[in-house]
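Student: Below are the structure tokens for one structure; questions will follow.
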Number of protein chains: 2
Amino acid sequence: MREKVGMTSPQLFENVVYNMKKCFKGKIVTLDISRKTLPDLEEDTPELGVIMLPPEMSIQQAEKCSKAGVRALIMITGGFKNHQRQQLRQLIKEYKIRILGPNTIMGAINTTNGLNTTFERDVIPTKGNIAVISQSGGVGACLLDWACFYDIGISKFVFMGDKIDVNDIDVLEYFGNDPNTKVICLYMEGIENGRKLIETATKVVKTKPVLAVKGGITQEAARRAFSHTASIAGTDVVFDAALRKAGVIRTQDLEELLNSAVALSKQPTLKGDNIVIVSNVGGPAILAADAVVRSGLKLATLSKTTRKKIESCYPGVDASNPIDLIADARAERYDTALMNVLADANVDGVMIINMLKSTFFEPKDAASIEKIVKKYSTKPVVNVPMGGEDFNLVREALGKTTMPLYNLPEKAAKALKALRLYEEIVEKLR
Amino acid sequence: MREKVGMTSPQLFENVVYNMKKCFKGKIVTLDISRKTLPDLEEDTPELGVIMLPPEMSIQQAEKCSKAGVRALIMITGGFKNHQRQQLRQLIKEYKIRILGPNTIMGAINTTNGLNTTFERDVIPTKGNIAVISQSGGVGACLLDWACFYDIGISKFVFMGDKIDVNDIDVLEYFGNDPNTKVICLYMEGIENGRKLIETATKVVKTKPVLAVKGGITQEAARRAFSHTASIAGTDVVFDAALRKAGVIRTQDLEELLNSAVALSKQPTLKGDNIVIVSNVGGPAILAADAVVRSGLKLATLSKTTRKKIESCYPGVDASNPIDLIADARAERYDTALMNVLADANVDGVMIINMLKSTFFEPKDAASIEKIVKKYSTKPVVNVPMGGEDFNLVREALGKTTMPLYNLPEKAAKALKALRLYEEIVEKLR
């Protein structure tokens, strides 16, 4: 976003105040310069200042805040010139104030204390344990919109902006130590200090997974990324090698990023490659088997005992992998199958397919399955209520539970693969 | 689905009757064997019989229908044994009656005359020009659910079942000649008569695109596909070569299948590789540029005139490709940009990004843009209201228009690629 957008409009300012008042658990003091209602800052110094004014006025207020002893600033507005950024750096040096931005556009969200400096009214994510760092306002806004729409639990969300002080690496390190964060997602267009990033990521991934999407991977787009965030996009091969070395899991697009994050935030890692598919429909189970193999995982070979146990309960069911429980399967049949396959040493993880259309399955069955999985499993289980409305109905029932949900088996297979990759990363570090 | 599912339950039967009565424009006679309310068929012979009974009773009714002069049957129920299928074949031979099925599960949908033999109440797709053939009940049900949920316009939908008479190739040929069908989607697990399929597809693709997803492409899944539909899945390489030869466009998953079908049903083909991206956000435009290049297309180099025309109207806008119209762009700015890039001989197609979150853009702007595109363009344009709620809001405004919508640029790029592939297929046939 550019200065022209009017990040300084009274409406956007009101929106930020609205979101802050709705979410923030601490005390808020608002200062609307245009309305000349300036309380005396020194009487009641806030810890954090959020500034949303044109550059010159932003700098004036930043100075006022610095002098008043405010410890940190989130500077929303863009359009700062180099000499203006220099003025801000001077304040940092002089007053030890920390600055996020300027040009962060949406600033930051912290679902623990309710800080929310975004300017879209009621775009407030559910509290969860996924943290997001975005080098782009637009991509960050998309990730936030996606997270809100699909009820993906967020711990913290940071829009980096111009990074005159706090940079991605600082935030990555902070999230690494944040007890409310279990998984970290990055959208990057470039790296200023590759060595430091790798060092920090290597430390962080010991305790929590870091996932990244890189924009500007093709030469054509990289040229553009340069002019967009003034960061130099390395060649993609170099970038890829660096991330791999650091133990960062790279995903192809934003959907895969959040899909993988959800699996990592809700399920244990995948200790081996062997996946069993438990389905109530035949064709989709075949697509799931293809997806598992194409993602680099394997179809588990079930023990004879496991097969017999399942087949003896349900004549007509073929319990070879993928297991087709047949279209009249309800929660009870899934539960029996799941308990048996999860107890099988040949199985490392499970992909459940439960379609509603053309079957007898109901959303409440999915909820019951989730309880069984949670109770018995130390192995990851993901669920595919495949389709459009079907996905939506099961999501309404299970969205806030520990069961990751995907609308196609291909997406679930990639999420399982992320669970495997993180296990391999951790194993290598041991 | 298997016999156990209870395809013969009174509830499912009532559901089929409900859907038929709700949709079908012709006369319906219902015969509920269990209630012994059998009108005399010979008094008023229907053209088509829909039979939903256990195998033995199905055969009895099929014979009754054949003798009464019914011309075609849709046989829903599964679980037929070989000798029972043989009995049906005998009826076909003797009475020249045509049979779809048995084991079609959902039967068929024709949105022109309102035929709908599916058993899920109110799962009724919007009328459109995409036809679907599914070799699997479950995958078909998923495609139908997806089409209904995302308002994808369907002309006809056929669930193949056991194919004792009417087979995929017959249906493909029929759809090829169907004036209400513009695009054909196939879900296949195997081919019985590869040579005939290629022959037929080669004919059909001269006038309309055929898209396919193949299940059972990995050896592991193929073994399962064999037991599922009793069809021999060839090795994937052979299959791929055969489809390529026939001019069938293969997609990776069901979402890409329907996404590509929507583009082909709504937009002209792509006459060259050069794509321009017109966006109101910077980062997403970079992801879009990556996606275009990764899908095998190119970023168009705009003429100086085009760039100057756009930049002179909107100081601050950088009209190099991808074009960033800046976050305060509304319909008018998009319209100017689009008219100019569409008039540029260096441009073959357009990907629009219009995010709502973090911008000033509103769904009504998207509707206005659609009108401009429709009026001026002989080049394909696809639209990416990127995100979760954003996508949904624009879909509500534009879902039924000629503008294909995608929630991520990667999906839009694949759809543009399908428009290019079909153009290449048609060029080769000229």
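Residues in the structure tokens are named by chain (A, B, ... in the order shown) and by number from 1 within that chain; ligands are numbered from 1 in the order shown.
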Based on DSSP run over this structure's backbone, return all residues of range 277-353 of chain A in strand (DSSP E), as a PyMOL selection string.
Tutor: chain A and resi 277-279+298-299+323-324+349-353
Student: Residues of chain B no more than 7 Å from chain A, counting only C-alpha atoms: send them over as a VMD selection string.
Tutor: chain B and resid 1 to 2 5 120 136 138 to 139 141 to 143 145 to 146 149 215 to 218 221 224 to 225 228 281 to 284 286 to 287 289 to 290 293 326 to 328 357 to 358 386 to 389
Student: Please indicate the distance in Å from CA of Gly176 in chain A to CA of Ala241 in chain A, rounded to one decimal place.
Tutor: 21.6 Å
Student: In Å, with one decimal, what is the gap from CA of Lys67 in chain A to CA of Asp162 in chain A?
Tutor: 22.8 Å
Student: Suppose you want the space between CA of Gly128 in chain B and CA of Cys23 in chain B; what is it in Å?
Tutor: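 Taking CA of Gly128 in chain B as the start and CA of Cys23 in chain B as the end point, the length is 14.8 Å.
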Student: If we count only C-alpha atoms, what is near Glu199 in chain B at a cut-off of 10 Å, once residues fewer than 6 positions away on the same chain are taken out, given as a list in words?
Tutor: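 Listing them by chain and then by number gives Ile169, Lys245 and Ala246 of chain B.
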Student: Determine, counting only C-alpha atoms, which protein, DNA and RNA residues have an atom within 9 Å of an atom of Gly69 in chain A; residues of the same chain fewer than 5 positions away are not included. Present the result as a ChimeraX atom specification.
Tutor: /A:42,45-47,64,95,97
Student: Kindly save the residues from that selection, with N, CA and C atoms included, as a PDB file, in the first residue's frame.
Tutor:
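This is the output file out.pdb:
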```pdb
ATOM      1  N   GLU A  42       2.240  12.800  29.168  1.00  0.00           N
ATOM      2  CA  GLU A  42       3.155  12.549  30.290  1.00  0.00           C
ATOM      3  C   GLU A  42       2.459  12.140  31.582  1.00  0.00           C
ATOM      4  N   THR A  45       1.720   7.644  30.788  1.00  0.00           N
ATOM      5  CA  THR A  45       2.502   7.169  29.638  1.00  0.00           C
ATOM      6  C   THR A  45       2.150   5.742  29.239  1.00  0.00           C
ATOM      7  N   PRO A  46       1.691   5.564  27.989  1.00  0.00           N
ATOM      8  CA  PRO A  46       1.408   4.195  27.547  1.00  0.00           C
ATOM      9  C   PRO A  46       2.719   3.466  27.222  1.00  0.00           C
ATOM     10  N   GLU A  47       2.671   2.152  27.273  1.00  0.00           N
ATOM     11  CA  GLU A  47       3.845   1.352  26.892  1.00  0.00           C
ATOM     12  C   GLU A  47       4.067   1.373  25.388  1.00  0.00           C
ATOM     13  N   LYS A  64       7.454  12.855  20.221  1.00  0.00           N
ATOM     14  CA  LYS A  64       6.703  13.174  21.440  1.00  0.00           C
ATOM     15  C   LYS A  64       6.590  11.922  22.322  1.00  0.00           C
ATOM     16  N   TYR A  95      16.503   7.413  22.221  1.00  0.00           N
ATOM     17  CA  TYR A  95      15.563   7.099  23.302  1.00  0.00           C
ATOM     18  C   TYR A  95      15.392   5.595  23.547  1.00  0.00           C
ATOM     19  N   ILE A  97      13.778   3.645  21.998  1.00  0.00           N
ATOM     20  CA  ILE A  97      12.415   3.226  21.678  1.00  0.00           C
ATOM     21  C   ILE A  97      12.486   2.195  20.547  1.00  0.00           C
TER      22      ILE A  97
END
```
